[in-house]
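Chemist: The structure follows.
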Protein chains: 2
Amino acid sequence: MPSSKRVLIVDDEAPIREMIAVALEMAGYECLEADSAQAAHGLIVDVKPDMVLLDWMMPGTSGIEFARRLRKDELTADIPIIMLTAKGEEEHKIKGLESGIDDYITKPFSPRELVARLKTVLRRATPKGIEEPITIDSLTLDPVSHRVSSELHPLDLGPTEFRLLQFFMTHQDRAYSRSQLLDLVWGGNVYVEERTVDVHIRRLRKALGKRHDYLIQTVRGTGYRFSSQTA
Amino acid sequence: MPSSKRVLIVDDEAPIREMIAVALEMAGYECLEADSAQAAHGLIVDVKPDMVLLDWMMPGTSGIEFARRLRKDELTADIPIIMLTAKGEEEHKIKGLESGIDDYITKPFSPRELVARLKTVLRRATPKGIEEPITIDSLTLDPVSHRVSSELHPLDLGPTEFRLLQFFMTHQDRAYSRSQLLDLVWGGNVYVEERTVDVHIRRLRKALGKRHDYLIQTVRGTGYRFSSQTA
DNA sequence: GCTGTTTGTCATATTTCTGTAACAGTTTCA
DNA sequence: TGAAACTGTTACAGAAATATGACAAACAGC
């Protein structure tokens, strides 16, 4: 699970960047800063932030122009952008929304508001995994209450087992290699032994009990698969 | 809790805002004003008004669009909205009610009527769980008298613990992260350490006593959950 | 200005989880 | 049949998350 969201702040004035960064960090975001469109582009390509806060007025490439460029490139097209505009520039709003900006905030703004907007935009942009409980052969996982039950009996899973099961239940009938599972369940940049997956599979199977452990199938030479079909 | 209700008036025409504000202030409400959706959003996030009076027609983000946005965000979703429409725009009524607007008034209107509607909407909106006592396994919370009792024995809770418990009792069987709890119980985006939540959970559990502390469950790696189900 | 609460933060215990290594079992296929 | 290649299990120490108790600042009521 990627821990905190990374936000890239693009503004040519360092003090403003700092102020924003402090506010966001207090709210639990990870901040990156860039003082120009050029620098920003580099960072975006390198670290793929979860969203970009972009100052409207910047020497060189203007904010809006930069935004448009980001939208054009498939790699960066779906990074949400919030534009920072100064009071009185509101006429540009329409142009901004047209070029795919997700929201914009007029300076001055309160940190509180900034964080609120950010949250909204991020939520809207992050197609949140289904909120509905999933049931397979009387095994139920409820993402909302964070519970798993087998024939109404609650099961006790550790966090990783829970994520693993959730992943499997939403990706059935497909074999995943250990390395894929590490990427998709543990999250990209962690270094753990592939065999660790085995151990968690084991723990999950044990937790599921005899009634359901058949759902997690070993695909020899490849990895594991979750399926209700016995094959 | 501020004694008088705060009403945010959103309209791009200052004279109209003023007129409304005067009327409401005479009726004992506290008024805030905003001349655009942008400004309004800022105020809402910052001061959390008890309700919003929203002009239908505004340059930029239209009233209805704004209303929809407020509804989407959990933080602002249950702030009641009254829409102000000009005569002849009544066809929009249906659309308005669909997007979660609580009432609408056609201009011109008398101050008397405005206040009456406002009162109705506020009364209707407030009882949203803030009227009836809730009881779970002999643990009772009475929002009106602001009291909590376990098997008829009164419990002594601090204000924050009370709000926390109230929130939990009205949102059962759902795991909340610490950050969500801070947003939803502490209100707005107060800058408080996430660990602080643990401390208040602790205090609440202690206050609930052995008889009931099982209701507050730790969801490791995620946060907390309130549920009468044992697991 | 005092006094008793309430609150947010720390520092410190406790508890629970995780990743590894080591060894045991299985399957594959010369 | 036997070795090689995989996978299953178990135990365990270090890591991570949570629980708890204490404290000082902020507050509310006198």
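Here, A, B, ... name the chains of the structure tokens in the order displayed, residue numbers run from 1 inside each chain, and ligands are numbered from 1 in the same displayed order.
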Would you list, as an NGL selection string, the residues of stretch 51-213 of chain B that end up in helix (DSSP H, G or I) under DSSP run on this structure's backbone?

Modeler: :B and (63-72 or 92-98 or 111-125 or 127-130 or 159-170 or 178-186 or 195-213)

Chemist: Near chain C, which residues of chain A fall within 8 Å when you count only C-alpha atoms (C1' of nucleotides), and what do they look like as a VMD selection string?

Modeler: chain A and resid 158 192 to 193 196

Chemist: What does the file look like for those residues with N, CA and C atoms, as a PDB file, in the first residue's frame?

Modeler:
ATOM      1  N   GLY A 158      -4.422 -10.671   9.447  1.00  0.00           N
ATOM      2  CA  GLY A 158      -3.522  -9.530   9.619  1.00  0.00           C
ATOM      3  C   GLY A 158      -3.711  -8.596   8.444  1.00  0.00           C
ATOM      4  N   VAL A 192      11.404  -7.117  -0.799  1.00  0.00           N
ATOM      5  CA  VAL A 192      11.210  -8.299   0.038  1.00  0.00           C
ATOM      6  C   VAL A 192      11.442  -9.540  -0.804  1.00  0.00           C
ATOM      7  N   GLU A 193      11.850 -10.580  -0.128  1.00  0.00           N
ATOM      8  CA  GLU A 193      12.090 -11.845  -0.801  1.00  0.00           C
ATOM      9  C   GLU A 193      10.802 -12.359  -1.434  1.00  0.00           C
ATOM     10  N   THR A 196       8.631 -14.695   0.561  1.00  0.00           N
ATOM     11  CA  THR A 196       7.772 -14.142   1.610  1.00  0.00           C
ATOM     12  C   THR A 196       6.310 -14.269   1.212  1.00  0.00           C
TER      13      THR A 196
END

Chemist: Can you move chain A onto chain B by a least-squares fit over all C-alpha atoms paired in order, then give me the moved copy as a compact mmCIF listing (two decimals) with C-alpha atoms, in the first residue's frame?

Modeler:
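Generated output (out_16.txt):
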# COMPACT_ATOMS: atom_id res chain seq x y z
CA MET A 1 -18.32 18.73 16.32
CA PRO A 2 -18.45 21.35 13.58
CA SER A 3 -19.80 24.36 15.35
CA SER A 4 -22.00 26.54 13.17
CA LYS A 5 -23.23 25.89 9.68
CA ARG A 6 -21.63 27.84 6.88
CA VAL A 7 -23.84 29.46 4.35
CA LEU A 8 -22.64 30.89 1.09
CA ILE A 9 -24.60 33.86 -0.19
CA VAL A 10 -24.39 34.44 -3.90
CA ASP A 11 -25.84 37.67 -5.20
CA ASP A 12 -24.39 40.42 -7.32
CA GLU A 13 -25.81 43.18 -5.18
CA ALA A 14 -23.68 43.80 -2.15
CA PRO A 15 -26.38 45.44 -0.02
CA ILE A 16 -28.64 42.46 -0.39
CA ARG A 17 -25.85 40.11 0.52
CA GLU A 18 -25.14 42.20 3.55
CA MET A 19 -28.70 42.22 4.68
CA ILE A 20 -28.96 38.48 4.40
CA ALA A 21 -25.63 37.97 6.05
CA VAL A 22 -26.63 40.04 9.03
CA ALA A 23 -29.84 38.12 9.48
CA LEU A 24 -28.11 34.79 9.23
CA GLU A 25 -25.31 35.73 11.52
CA MET A 26 -27.78 36.79 14.14
CA ALA A 27 -29.31 33.38 13.81
CA GLY A 28 -25.95 31.78 14.41
CA TYR A 29 -24.82 30.88 10.94
CA GLU A 30 -21.46 31.61 9.50
CA CYS A 31 -21.67 33.53 6.24
CA LEU A 32 -19.58 33.65 3.14
CA GLU A 33 -20.33 35.93 0.25
CA ALA A 34 -19.77 35.84 -3.46
CA ASP A 35 -20.86 38.32 -6.10
CA SER A 36 -20.78 35.99 -9.06
CA ALA A 37 -21.03 32.39 -10.00
CA GLN A 38 -17.30 32.32 -10.62
CA ALA A 39 -16.42 33.58 -7.19
CA ALA A 40 -18.98 31.29 -5.68
CA HIS A 41 -17.52 28.25 -7.30
CA GLY A 42 -14.13 29.04 -5.94
CA LEU A 43 -15.44 29.40 -2.44
CA ILE A 44 -17.47 26.26 -2.65
CA VAL A 45 -14.50 24.21 -3.63
CA ASP A 46 -12.31 25.83 -1.01
CA VAL A 47 -14.47 25.87 2.05
CA LYS A 48 -17.32 23.50 1.33
CA PRO A 49 -20.18 25.48 2.79
CA ASP A 50 -23.11 23.59 4.24
CA MET A 51 -25.52 25.31 1.92
CA VAL A 52 -25.84 27.92 -0.78
CA LEU A 53 -28.25 30.82 -1.10
CA LEU A 54 -28.37 31.66 -4.73
CA ASP A 55 -29.82 34.68 -6.47
CA TRP A 56 -31.79 33.81 -9.54
CA MET A 57 -30.81 36.78 -11.60
CA MET A 58 -27.17 37.49 -11.94
CA PRO A 59 -25.11 38.93 -14.74
CA GLY A 60 -23.06 36.25 -16.40
CA THR A 61 -23.88 32.75 -15.36
CA SER A 62 -27.44 32.75 -14.16
CA GLY A 63 -28.39 31.26 -10.85
CA ILE A 64 -30.15 28.30 -12.31
CA GLU A 65 -27.37 27.49 -14.66
CA PHE A 66 -24.95 27.61 -11.82
CA ALA A 67 -27.15 25.39 -9.70
CA ARG A 68 -27.26 22.84 -12.44
CA ARG A 69 -23.52 22.88 -12.66
CA LEU A 70 -23.15 22.32 -8.97
CA ARG A 71 -25.45 19.36 -9.16
CA LYS A 72 -23.44 17.77 -11.87
CA ASP A 73 -20.20 17.67 -9.98
CA GLU A 74 -20.04 14.90 -7.48
CA LEU A 75 -18.09 17.06 -5.09
CA THR A 76 -20.79 19.64 -4.87
CA ALA A 77 -23.82 17.60 -5.78
CA ASP A 78 -25.24 17.34 -2.34
CA ILE A 79 -24.87 20.85 -1.12
CA PRO A 80 -28.40 22.13 -0.58
CA ILE A 81 -29.39 25.18 -2.57
CA ILE A 82 -32.02 27.76 -1.84
CA MET A 83 -32.85 30.04 -4.71
CA LEU A 84 -33.78 33.68 -4.27
CA THR A 85 -36.27 34.86 -6.83
CA ALA A 86 -37.96 38.18 -7.35
CA LYS A 87 -41.69 38.39 -7.33
CA GLY A 88 -43.14 37.47 -10.67
CA GLU A 89 -40.46 35.00 -11.54
CA GLU A 90 -42.45 32.27 -10.01
CA GLU A 91 -42.97 30.52 -13.29
CA HIS A 92 -39.40 29.44 -13.11
CA LYS A 93 -40.15 27.58 -9.99
CA ILE A 94 -40.74 24.33 -11.77
CA LYS A 95 -37.57 24.58 -13.71
CA GLY A 96 -35.83 25.33 -10.47
CA LEU A 97 -37.15 22.37 -8.63
CA GLU A 98 -36.27 20.22 -11.56
CA SER A 99 -32.67 21.20 -11.48
CA GLY A 100 -32.33 20.01 -7.95
CA ILE A 101 -32.94 23.14 -6.02
CA ASP A 102 -34.11 22.39 -2.53
CA ASP A 103 -36.28 25.38 -1.95
CA TYR A 104 -36.73 28.86 -3.15
CA ILE A 105 -37.82 32.09 -1.59
CA THR A 106 -39.54 34.99 -3.23
CA LYS A 107 -38.22 38.44 -2.56
CA PRO A 108 -39.05 40.30 -0.50
CA PHE A 109 -38.93 37.97 2.43
CA SER A 110 -38.54 38.40 6.14
CA PRO A 111 -35.30 37.37 7.82
CA ARG A 112 -37.45 35.22 10.01
CA GLU A 113 -38.72 33.26 7.09
CA LEU A 114 -35.34 32.97 5.50
CA VAL A 115 -33.92 31.46 8.64
CA ALA A 116 -36.84 29.10 8.97
CA ARG A 117 -36.44 27.80 5.44
CA LEU A 118 -32.78 27.45 5.85
CA LYS A 119 -33.24 25.45 8.95
CA THR A 120 -35.74 23.16 7.29
CA VAL A 121 -33.60 22.56 4.28
CA LEU A 122 -30.55 21.93 6.37
CA ARG A 123 -32.36 19.51 8.58
CA ARG A 124 -33.71 17.67 5.61
CA ALA A 125 -30.30 17.55 4.04
CA THR A 126 -28.39 16.56 7.13
CA PRO A 127 -29.40 12.98 7.66
CA LYS A 128 -29.58 13.34 11.33
CA GLY A 129 -27.92 10.65 13.36
CA ILE A 130 -30.31 8.12 14.68
CA GLU A 131 -32.73 9.31 17.26
CA GLU A 132 -33.12 5.87 18.73
CA PRO A 133 -31.36 4.80 21.88
CA ILE A 134 -28.62 2.25 21.34
CA THR A 135 -28.08 -0.54 23.79
CA ILE A 136 -25.22 -2.95 23.97
CA ASP A 137 -24.98 -5.43 26.77
CA SER A 138 -27.05 -3.27 29.09
CA LEU A 139 -25.09 -0.17 28.25
CA THR A 140 -27.54 2.33 26.84
CA LEU A 141 -26.97 5.62 25.14
CA ASP A 142 -29.94 7.82 24.41
CA PRO A 143 -29.16 10.59 21.96
CA VAL A 144 -32.44 12.34 22.63
CA SER A 145 -32.13 12.84 26.33
CA HIS A 146 -28.37 12.86 26.02
CA ARG A 147 -27.94 10.23 28.65
CA VAL A 148 -25.92 7.10 29.16
CA SER A 149 -26.73 4.38 31.59
CA SER A 150 -25.22 1.10 32.59
CA GLU A 151 -27.82 -1.32 33.90
CA LEU A 152 -30.14 1.58 34.60
CA HIS A 153 -27.54 3.42 36.61
CA PRO A 154 -26.85 6.74 35.00
CA LEU A 155 -23.27 7.42 34.01
CA ASP A 156 -21.62 10.77 34.14
CA LEU A 157 -19.73 11.63 30.97
CA GLY A 158 -18.20 14.84 29.76
CA PRO A 159 -19.26 16.16 26.35
CA THR A 160 -16.28 14.72 24.54
CA GLU A 161 -16.62 11.35 26.18
CA PHE A 162 -20.25 11.33 25.22
CA ARG A 163 -19.50 12.01 21.58
CA LEU A 164 -16.74 9.47 21.59
CA LEU A 165 -19.00 6.80 23.02
CA GLN A 166 -21.77 7.71 20.64
CA PHE A 167 -19.40 7.39 17.74
CA PHE A 168 -18.14 4.05 18.94
CA MET A 169 -21.58 2.64 19.57
CA THR A 170 -22.63 3.52 16.07
CA HIS A 171 -19.41 2.21 14.55
CA GLN A 172 -18.71 -1.06 16.24
CA ASP A 173 -16.23 -3.75 15.44
CA ARG A 174 -13.89 -1.57 13.59
CA ALA A 175 -10.51 -0.27 14.58
CA TYR A 176 -9.90 3.44 14.29
CA SER A 177 -6.59 5.19 14.42
CA ARG A 178 -6.14 8.11 16.75
CA SER A 179 -6.05 10.44 13.84
CA GLN A 180 -9.28 9.06 12.46
CA LEU A 181 -10.94 9.49 15.79
CA LEU A 182 -9.77 13.06 15.97
CA ASP A 183 -11.27 13.71 12.57
CA LEU A 184 -14.51 11.93 13.17
CA VAL A 185 -15.21 12.78 16.77
CA TRP A 186 -13.38 16.01 17.42
CA GLY A 187 -14.15 17.32 13.96
CA GLY A 188 -11.88 18.02 11.06
CA ASN A 189 -9.89 21.15 11.60
CA VAL A 190 -8.66 20.98 15.13
CA TYR A 191 -5.10 20.59 16.10
CA VAL A 192 -4.65 18.34 19.06
CA GLU A 193 -2.03 15.82 19.99
CA GLU A 194 -2.88 12.29 19.04
CA ARG A 195 -2.12 11.13 22.52
CA THR A 196 -5.00 13.21 23.75
CA VAL A 197 -7.21 10.50 22.37
CA ASP A 198 -5.63 8.10 24.83
CA VAL A 199 -6.60 10.30 27.68
CA HIS A 200 -10.19 10.50 26.61
CA ILE A 201 -10.29 6.79 26.05
CA ARG A 202 -9.04 6.42 29.55
CA ARG A 203 -11.72 8.74 30.88
CA LEU A 204 -14.40 6.96 28.97
CA ARG A 205 -13.26 3.57 30.21
CA LYS A 206 -13.23 4.84 33.73
CA ALA A 207 -16.72 6.23 33.37
CA LEU A 208 -18.01 3.00 31.92
CA GLY A 209 -16.69 1.14 34.89
CA LYS A 210 -15.49 -2.43 35.22
CA ARG A 211 -18.77 -3.74 33.97
CA HIS A 212 -18.33 -2.26 30.53
CA ASP A 213 -14.84 -1.05 29.95
CA TYR A 214 -14.07 -4.21 28.03
CA LEU A 215 -16.07 -2.72 25.18
CA ILE A 216 -13.31 -0.30 24.40
CA GLN A 217 -10.41 -2.31 23.15
CA THR A 218 -6.92 -1.25 22.41
CA VAL A 219 -5.60 -2.29 19.03
CA ARG A 220 -1.94 -2.06 19.56
CA GLY A 221 -0.06 -0.22 16.87
CA THR A 222 -3.27 1.01 15.35
CA GLY A 223 -5.70 2.62 17.69
CA TYR A 224 -8.93 1.60 19.36
CA ARG A 225 -11.97 -0.44 18.66
CA PHE A 226 -15.40 -0.73 20.20
CA SER A 227 -16.80 -4.19 20.27
CA SER A 228 -18.82 -6.43 22.48
CA GLN A 229 -16.84 -9.43 21.32
CA THR A 230 -14.19 -10.24 23.83
CA ALA A 231 -11.50 -10.94 21.30

Chemist: Show me which bits of chain D are within 9 Å of chain A, counting only C-alpha atoms (C1' of nucleotides), as number ranges by chain.

Modeler: D: 6-9

Chemist: Convert the current residue selection to file output with C-alpha atoms (C1' of nucleotides), as a tab-separated table (two decimals), in the first residue's frame.

Modeler:
chain	number	residue	atom	x	y	z
D	6	DC	C1'	9.54	-25.94	-6.25
D	7	DT	C1'	6.38	-25.23	-2.60
D	8	DG	C1'	4.74	-25.85	2.32
D	9	DT	C1'	5.61	-25.14	7.30

Chemist: Determine which residues of stretch 90-210 of chain B receive a DSSP assignment of strand (DSSP E or B), computed from the backbone, and state them as a list in words.

Modeler: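 The strand (DSSP E or B) subset of stretch 90-210 of chain B is Asp103, Tyr104, Ile105, Thr106, Lys107, Ile134, Thr135, Ile136, Leu139, Thr140, Leu141, Asp142, Arg147, Val148, Ser149, Ser150, His153, Pro154, Ala175, Tyr176 and Ser177 of chain B.
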
Chemist: Please, could you write that set of residues out with N, CA and C atoms as a short mmCIF file (atom, residue, chain, number, x, y, z; two decimals), in the first residue's frame?

Modeler:
data_model
loop_
_atom_site.label_atom_id
_atom_site.label_comp_id
_atom_site.auth_asym_id
_atom_site.auth_seq_id
_atom_site.Cartn_x
_atom_site.Cartn_y
_atom_site.Cartn_z
N ASP B 103 -34.35 22.84 -0.18
CA ASP B 103 -35.52 23.65 -0.44
C ASP B 103 -35.10 24.72 -1.43
N TYR B 104 -36.09 25.41 -2.00
CA TYR B 104 -35.70 26.52 -2.83
C TYR B 104 -36.75 27.61 -2.72
N ILE B 105 -36.32 28.80 -2.92
CA ILE B 105 -37.20 29.95 -2.80
C ILE B 105 -37.13 30.76 -4.07
N THR B 106 -38.28 31.22 -4.53
CA THR B 106 -38.31 32.01 -5.75
C THR B 106 -38.25 33.50 -5.41
N LYS B 107 -37.33 34.17 -6.08
CA LYS B 107 -37.23 35.61 -5.91
C LYS B 107 -38.38 36.26 -6.68
N ILE B 134 -29.78 7.16 21.01
CA ILE B 134 -29.37 5.91 20.38
C ILE B 134 -28.98 4.93 21.48
N THR B 135 -29.42 3.72 21.35
CA THR B 135 -29.04 2.73 22.35
C THR B 135 -28.46 1.50 21.67
N ILE B 136 -27.36 1.06 22.18
CA ILE B 136 -26.74 -0.14 21.67
C ILE B 136 -26.31 -1.00 22.84
N LEU B 139 -26.12 0.60 26.11
CA LEU B 139 -25.34 1.84 26.16
C LEU B 139 -26.18 2.89 25.43
N THR B 140 -26.52 3.94 26.14
CA THR B 140 -27.42 4.93 25.55
C THR B 140 -26.78 6.30 25.48
N LEU B 141 -26.93 6.91 24.33
CA LEU B 141 -26.44 8.27 24.16
C LEU B 141 -27.62 9.15 23.78
N ASP B 142 -27.83 10.17 24.56
CA ASP B 142 -28.93 11.08 24.30
C ASP B 142 -28.38 12.42 23.83
N ARG B 147 -26.10 13.38 27.26
CA ARG B 147 -25.73 12.44 28.30
C ARG B 147 -25.52 11.04 27.76
N VAL B 148 -24.69 10.30 28.42
CA VAL B 148 -24.44 8.92 28.04
C VAL B 148 -24.60 8.05 29.28
N SER B 149 -25.26 6.93 29.10
CA SER B 149 -25.39 6.04 30.25
C SER B 149 -25.23 4.59 29.86
N SER B 150 -24.63 3.85 30.74
CA SER B 150 -24.44 2.43 30.55
C SER B 150 -25.30 1.72 31.59
N HIS B 153 -26.54 3.73 34.43
CA HIS B 153 -25.56 4.50 35.18
C HIS B 153 -24.95 5.55 34.27
N PRO B 154 -25.01 6.78 34.70
CA PRO B 154 -24.46 7.84 33.86
C PRO B 154 -22.95 7.71 33.72
N ALA B 175 -14.91 0.86 9.32
CA ALA B 175 -13.57 1.18 9.81
C ALA B 175 -13.18 2.58 9.35
N TYR B 176 -12.72 3.39 10.27
CA TYR B 176 -12.26 4.73 9.93
C TYR B 176 -10.79 4.88 10.25
N SER B 177 -10.10 5.55 9.36
CA SER B 177 -8.70 5.82 9.63
C SER B 177 -8.62 6.98 10.62
#
